[in-house]
Each structure stands twice: as structure tokens, then as C-alpha cells.
>>> print(open('work_17.cif').read())   # mmCIF, C-alpha atoms, pLDDT in the B column; chains and numbers go by the auth columns
data_my_file
#
loop_
_atom_site.group_PDB
_atom_site.id
_atom_site.type_symbol
_atom_site.label_atom_id
_atom_site.label_comp_id
_atom_site.label_asym_id
_atom_site.label_seq_id
_atom_site.Cartn_x
_atom_site.Cartn_y
_atom_site.Cartn_z
_atom_site.B_iso_or_equiv
_atom_site.auth_seq_id
_atom_site.auth_asym_id
ATOM 1 C CA MET A 1 0.000 0.000 0.000 50.00 217 A
ATOM 2 C CA SER A 2 1.484 3.373 -0.988 50.00 218 A
ATOM 3 C CA ALA A 3 1.461 6.538 1.122 51.00 219 A
ATOM 4 C CA GLU A 4 -1.329 7.957 -1.048 55.00 220 A
ATOM 5 C CA THR A 5 -3.610 4.931 -0.731 53.00 221 A
ATOM 6 C CA PRO A 6 -6.454 5.704 1.721 53.00 222 A
ATOM 7 C CA VAL A 7 -7.109 3.261 4.539 58.00 223 A
ATOM 8 C CA LEU A 8 -10.569 1.711 4.405 57.00 224 A
ATOM 9 C CA GLY A 9 -12.903 3.293 6.926 59.00 225 A
ATOM 10 C CA ALA A 10 -10.574 6.245 7.606 57.00 226 A
ATOM 11 C CA PRO A 11 -12.116 9.696 7.254 62.00 227 A
ATOM 12 C CA VAL A 12 -11.001 11.522 4.144 57.00 228 A
ATOM 13 C CA PRO A 13 -10.052 15.107 4.940 57.00 229 A
ATOM 14 C CA SER A 14 -11.844 17.726 2.893 56.00 230 A
ATOM 15 C CA PRO A 15 -9.337 19.895 1.010 59.00 231 A
ATOM 16 C CA GLU A 16 -11.620 22.934 1.462 63.00 232 A
ATOM 17 C CA ALA A 17 -12.086 22.571 5.231 54.00 233 A
ATOM 18 C CA PRO A 18 -9.832 24.887 7.258 59.00 234 A
ATOM 19 C CA PRO A 19 -8.147 23.341 10.293 63.00 235 A
ATOM 20 C CA ALA A 20 -10.302 23.563 13.417 76.00 236 A
ATOM 21 C CA ALA A 21 -9.303 26.325 15.828 89.00 237 A
ATOM 22 C CA ARG A 22 -8.266 25.161 19.290 92.00 238 A
ATOM 23 C CA ALA A 23 -7.748 26.811 22.643 94.00 239 A
ATOM 24 C CA CYS A 24 -5.626 26.053 25.688 95.00 240 A
ATOM 25 C CA VAL A 25 -7.877 26.274 28.763 95.00 241 A
ATOM 26 C CA VAL A 26 -6.296 27.264 32.095 95.00 242 A
ATOM 27 C CA MET A 27 -7.482 28.318 35.541 93.00 243 A
ATOM 28 C CA LEU A 28 -7.064 31.938 36.635 92.00 244 A
ATOM 29 C CA GLY A 29 -8.661 33.231 39.813 90.00 245 A
ATOM 30 C CA GLY A 30 -10.620 29.998 40.142 90.00 246 A
ATOM 31 C CA ARG A 31 -12.241 30.448 36.703 91.00 247 A
ATOM 32 C CA PRO A 32 -11.563 28.853 33.311 95.00 248 A
ATOM 33 C CA PHE A 33 -9.868 31.124 30.785 94.00 249 A
ATOM 34 C CA ALA A 34 -8.591 30.194 27.343 95.00 250 A
ATOM 35 C CA VAL A 35 -5.984 31.373 24.863 96.00 251 A
ATOM 36 C CA ASP A 36 -6.005 30.497 21.173 95.00 252 A
ATOM 37 C CA VAL A 37 -3.297 27.862 20.605 95.00 253 A
ATOM 38 C CA ALA A 38 -1.886 30.114 17.882 94.00 254 A
ATOM 39 C CA ASP A 39 -0.890 32.491 20.724 95.00 255 A
ATOM 40 C CA ALA A 40 0.045 29.860 23.354 95.00 256 A
ATOM 41 C CA ARG A 41 3.550 28.439 23.174 94.00 257 A
ATOM 42 C CA GLU A 42 3.881 26.099 26.150 94.00 258 A
ATOM 43 C CA VAL A 43 3.233 25.553 29.842 95.00 259 A
ATOM 44 C CA VAL A 44 6.333 25.905 32.008 95.00 260 A
ATOM 45 C CA VAL A 45 7.218 25.130 35.600 93.00 261 A
ATOM 46 C CA LEU A 46 8.434 28.243 37.398 91.00 262 A
ATOM 47 C CA ASP A 47 11.596 27.246 39.216 85.00 263 A
ATOM 48 C CA ALA A 48 13.107 30.643 39.924 86.00 264 A
ATOM 49 C CA THR A 49 12.275 34.178 38.935 90.00 265 A
ATOM 50 C CA THR A 50 14.536 37.175 39.313 93.00 266 A
ATOM 51 C CA PRO A 51 12.826 40.408 40.456 92.00 267 A
ATOM 52 C CA VAL A 52 13.170 43.441 38.188 91.00 268 A
ATOM 53 C CA PRO A 53 13.636 46.785 39.998 91.00 269 A
ATOM 54 C CA GLY A 54 11.109 49.391 38.847 86.00 270 A
ATOM 55 C CA ALA A 55 8.857 46.835 37.163 87.00 271 A
ATOM 56 C CA PRO A 56 5.083 47.298 37.405 85.00 272 A
ATOM 57 C CA PRO A 57 3.192 45.080 39.872 84.00 273 A
ATOM 58 C CA ALA A 58 2.047 42.811 37.025 87.00 274 A
ATOM 59 C CA VAL A 59 5.665 41.828 36.307 90.00 275 A
ATOM 60 C CA LEU A 60 6.798 39.371 38.995 92.00 276 A
ATOM 61 C CA GLY A 61 10.267 39.111 37.505 93.00 277 A
ATOM 62 C CA VAL A 62 12.081 37.337 34.715 94.00 278 A
ATOM 63 C CA MET A 63 13.068 33.734 34.153 94.00 279 A
ATOM 64 C CA ASN A 64 15.559 31.894 32.005 93.00 280 A
ATOM 65 C CA LEU A 65 13.757 29.710 29.477 93.00 281 A
ATOM 66 C CA ARG A 66 16.298 27.706 27.499 91.00 282 A
ATOM 67 C CA GLY A 67 18.720 30.640 27.403 91.00 283 A
ATOM 68 C CA ASN A 68 16.096 33.331 26.732 90.00 284 A
ATOM 69 C CA VAL A 69 15.023 35.925 29.300 92.00 285 A
ATOM 70 C CA LEU A 70 11.242 35.826 29.649 93.00 286 A
ATOM 71 C CA PRO A 71 9.086 38.134 31.800 93.00 287 A
ATOM 72 C CA VAL A 72 6.870 36.363 34.333 94.00 288 A
ATOM 73 C CA VAL A 73 3.575 38.215 34.740 93.00 289 A
ATOM 74 C CA GLU A 74 0.551 38.158 37.040 93.00 290 A
ATOM 75 C CA ALA A 75 -2.521 38.765 34.857 92.00 291 A
ATOM 76 C CA ARG A 76 -5.240 38.148 37.472 90.00 292 A
ATOM 77 C CA PRO A 77 -5.372 41.763 38.797 88.00 293 A
ATOM 78 C CA LEU A 78 -5.638 43.021 35.198 87.00 294 A
ATOM 79 C CA LEU A 79 -8.695 40.774 34.836 88.00 295 A
ATOM 80 C CA GLY A 80 -10.207 41.848 38.172 87.00 296 A
ATOM 81 C CA LEU A 81 -9.471 38.462 39.748 88.00 297 A
ATOM 82 C CA PRO A 82 -7.990 37.605 43.148 85.00 298 A
ATOM 83 C CA VAL A 83 -4.328 36.623 43.259 83.00 299 A
ATOM 84 C CA HIS A 84 -3.452 33.191 44.625 76.00 300 A
ATOM 85 C CA ASN A 85 -0.160 32.427 46.340 76.00 301 A
ATOM 86 C CA ARG A 86 0.467 29.418 44.111 72.00 302 A
ATOM 87 C CA ARG A 87 2.964 30.485 41.454 77.00 303 A
ATOM 88 C CA ASP A 88 4.530 27.292 40.176 87.00 304 A
ATOM 89 C CA ARG A 89 3.186 27.157 36.597 94.00 305 A
ATOM 90 C CA ALA A 90 2.852 29.596 33.744 96.00 306 A
ATOM 91 C CA LEU A 91 1.449 29.652 30.231 96.00 307 A
ATOM 92 C CA VAL A 92 3.844 31.222 27.737 96.00 308 A
ATOM 93 C CA VAL A 93 1.871 33.471 25.389 96.00 309 A
ATOM 94 C CA ALA A 94 3.177 35.341 22.382 93.00 310 A
ATOM 95 C CA ASP A 95 2.311 38.210 20.099 90.00 311 A
ATOM 96 C CA GLY A 96 4.891 38.146 17.346 88.00 312 A
ATOM 97 C CA ASP A 97 8.289 38.493 19.032 87.00 313 A
ATOM 98 C CA GLN A 98 6.749 39.608 22.355 89.00 314 A
ATOM 99 C CA ARG A 99 6.443 36.752 24.844 93.00 315 A
ATOM 100 C CA ALA A 100 5.595 36.432 28.511 94.00 316 A
ATOM 101 C CA ALA A 101 4.979 33.651 31.015 95.00 317 A
ATOM 102 C CA VAL A 102 1.527 34.257 32.540 95.00 318 A
ATOM 103 C CA VAL A 103 1.156 32.670 35.995 95.00 319 A
ATOM 104 C CA ILE A 104 -1.732 30.178 36.083 95.00 320 A
ATOM 105 C CA GLU A 105 -3.293 27.934 38.710 93.00 321 A
ATOM 106 C CA GLY A 106 -3.539 24.901 36.455 93.00 322 A
ATOM 107 C CA VAL A 107 -4.162 23.568 32.968 94.00 323 A
ATOM 108 C CA LEU A 108 -7.557 22.135 32.085 93.00 324 A
ATOM 109 C CA GLY A 109 -6.552 21.028 28.574 93.00 325 A
ATOM 110 C CA LEU A 110 -7.105 21.744 24.916 92.00 326 A
ATOM 111 C CA THR A 111 -10.534 22.183 23.398 92.00 327 A
ATOM 112 C CA ALA A 112 -12.172 23.174 20.135 91.00 328 A
ATOM 113 C CA LEU A 113 -12.571 26.918 19.804 89.00 329 A
ATOM 114 C CA GLU A 114 -16.098 27.227 18.441 89.00 330 A
ATOM 115 C CA ASP A 115 -19.102 29.507 18.803 89.00 331 A
ATOM 116 C CA VAL A 116 -17.326 32.304 20.674 90.00 332 A
ATOM 117 C CA GLN A 117 -19.930 34.765 21.940 90.00 333 A
ATOM 118 C CA PRO A 118 -18.545 38.333 21.756 88.00 334 A
ATOM 119 C CA GLN A 119 -17.667 40.051 25.009 77.00 335 A
ATOM 120 C CA PRO A 120 -20.353 42.578 26.059 68.00 336 A
ATOM 121 C CA ALA A 121 -19.320 46.229 25.721 61.00 337 A
ATOM 122 C CA GLY A 122 -17.685 47.585 28.842 53.00 338 A
ATOM 123 C CA GLU A 123 -16.419 44.171 30.005 52.00 339 A
ATOM 124 C CA GLY A 124 -12.786 45.055 29.369 67.00 340 A
ATOM 125 C CA ASP A 125 -10.538 44.820 26.375 83.00 341 A
ATOM 126 C CA LEU A 126 -8.503 41.751 27.416 90.00 342 A
ATOM 127 C CA ALA A 127 -11.227 39.241 26.577 90.00 343 A
ATOM 128 C CA VAL A 128 -12.576 38.382 23.148 90.00 344 A
ATOM 129 C CA GLY A 129 -15.663 36.584 24.424 91.00 345 A
ATOM 130 C CA GLU A 130 -16.908 33.355 25.971 92.00 346 A
ATOM 131 C CA PHE A 131 -17.460 29.847 24.676 90.00 347 A
ATOM 132 C CA ILE A 132 -18.269 26.364 25.932 89.00 348 A
ATOM 133 C CA ALA A 133 -14.941 24.682 26.709 85.00 349 A
ATOM 134 C CA GLY A 134 -15.978 21.054 27.075 81.00 350 A
ATOM 135 C CA LEU A 135 -15.959 19.777 30.654 77.00 351 A
ATOM 136 C CA ALA A 136 -14.581 23.119 31.910 75.00 352 A
ATOM 137 C CA GLY A 137 -17.928 24.751 31.122 85.00 353 A
ATOM 138 C CA ARG A 138 -17.959 28.364 29.971 90.00 354 A
ATOM 139 C CA ALA A 139 -14.497 29.821 29.480 92.00 355 A
ATOM 140 C CA THR A 140 -13.438 33.381 28.752 92.00 356 A
ATOM 141 C CA LEU A 141 -11.267 33.646 25.646 94.00 357 A
ATOM 142 C CA LEU A 142 -8.388 36.052 26.267 94.00 358 A
ATOM 143 C CA ASP A 143 -6.783 38.218 23.614 93.00 359 A
ATOM 144 C CA ALA A 144 -3.037 37.487 24.035 93.00 360 A
ATOM 145 C CA ARG A 145 -2.067 40.640 22.112 93.00 361 A
ATOM 146 C CA ALA A 146 -4.258 42.839 24.339 92.00 362 A
ATOM 147 C CA LEU A 147 -2.994 41.123 27.497 91.00 363 A
ATOM 148 C CA LEU A 148 0.662 41.649 26.584 90.00 364 A
ATOM 149 C CA GLY A 149 -0.160 45.223 25.539 89.00 365 A
ATOM 150 C CA ALA A 150 -1.786 45.951 28.918 87.00 366 A
ATOM 151 C CA ILE A 151 1.340 44.770 30.685 82.00 367 A
ATOM 152 C CA ARG A 152 3.538 46.923 28.429 81.00 368 A
ATOM 153 C CA ARG A 153 1.317 49.979 29.100 78.00 369 A
ATOM 154 C CA GLU A 154 1.757 49.534 32.863 71.00 370 A
ATOM 155 C CA TRP A 155 5.504 49.816 32.541 66.00 371 A
ATOM 156 C CA THR A 156 6.765 53.268 33.532 48.00 372 A
ATOM 157 C CA PRO A 157 10.464 53.554 32.784 54.00 373 A
ATOM 158 C CA VAL A 158 12.586 54.773 35.665 49.00 374 A
ATOM 159 C CA SER A 159 14.031 58.128 34.679 50.00 375 A
ATOM 160 C CA GLY A 160 17.822 58.243 34.815 50.00 376 A
ATOM 161 C CA GLY A 161 19.457 60.928 36.870 46.00 377 A
#
>>> encode(input="work_17.cif", output="C-alpha cells")
Amino acid sequence: MSAETPVLGAPVPSPEAPPAARACVVMLGGRPFAVDVADAREVVVLDATTPVPGAPPAVLGVMNLRGNVLPVVEARPLLGLPVHNRRDRALVVADGDQRAAVVIEGVLGLTALEDVQPQPAGEGDLAVGEFIAGLAGRATLLDARALLGAIRREWTPVSGG
């Protein structure tokens, strides 16, 4: 049987069908939140972070991730959520070359990203909307670009003297 020969009973992919969008669902402030897998890079264990003098409260410090310096951020206050003391895992999110490790409480898994209901006006600009995330129930879909932008906006450079 050649590589092009279909297996009997196997579904034949439709050449017109775009790949299904997926989301990584995590816990933040005791609630399920999701990030499009196109913006999520990996989940990391936070061994050690180095504080950064003059950094905004959202920036807990930086970490070394395979030789790259990566900011470690606390997004829960930006989302109006309580902060938990547990800070041993983070979801690395990216917007182009900008990356950050967002502290999370846990990973719930990957799910299909379908039927996202738009966020009501006035609910903040960090969320795109909500959707049903399998067993996690309703999850809020975060906009990784907006989240990283909010952290950058908080940064007030220390003026040199």
C-alpha cells in the first residue's frame, strides 16, 4: 500500500475545510480562561524568577527559558481576579516576538474553539468573548495581544538621573 492509498474506513479530509481552531484552557482566579493555541507556546514550571527593579506590579520578575530571558507576569489583577499564592506554573503566550509567562493555577486542557460569543461592551478589552470549553464549562477567551499590551502599558520607565 502506498502513502497515497487511503485506509478503508478512515475519514477523508476535505481539502476545502480549514483546520479547526483550538484553545488552551487554564485556571485563573478559580475560573476557566482560554488562549487560542496560535498564541500559546507552552506551559512551564516556574523554578526561579529574578525580580526586576522598577517593574510594574504585574511583572513578577524574569526567568531563564532555554537561554532566553522571559518576563513572568501576574494577569489576574488586570482581569479583576484575586491573586493566589500558588505560582509554580505559567502559560507562555506570544504576540509576534513579544512573549511572557503568565502565571496560572492549572491547565484544564485543549478544546475546540467554536461559537465564541462576543464580550459585552464595557467588560474590558482583554477578553474576546466566551465559549463552551468542554468539561470546563464556559471559558473566557483572552486576547493574548491585548494582554501583553496591557502589561507593556503599565511599565513606567525609571528616569535616569
>>> resolve_selection(input="work_17.cif", expression="the PyMOL selection byres ((chain A and resi 308) around 9)", output="ChimeraX atom specification")
/A:255-260,286,288,306-307,309-310,315-319
>>> residues_around(input="work_17.cif", residues="region 348-365 of chain A", least_positions_apart="4", cutoff="9 Å", atoms="only C-alpha atoms", output="ChimeraX atom specification")
/A:239,241-242,247-252,255-256,291,294,309-312,314-316,324-332,335,341-344,369-370
>>> residues_around(input="work_17.cif", residues="Met279 (chain A)", least_positions_apart="4", cutoff="10 Å", atoms="only C-alpha atoms", output="count of residues only")
14
>>> atom_distance(input="work_17.cif", atom1="CA of Leu297 (chain A)", atom2="CA of Ala237 (chain A)")
26.8 Å
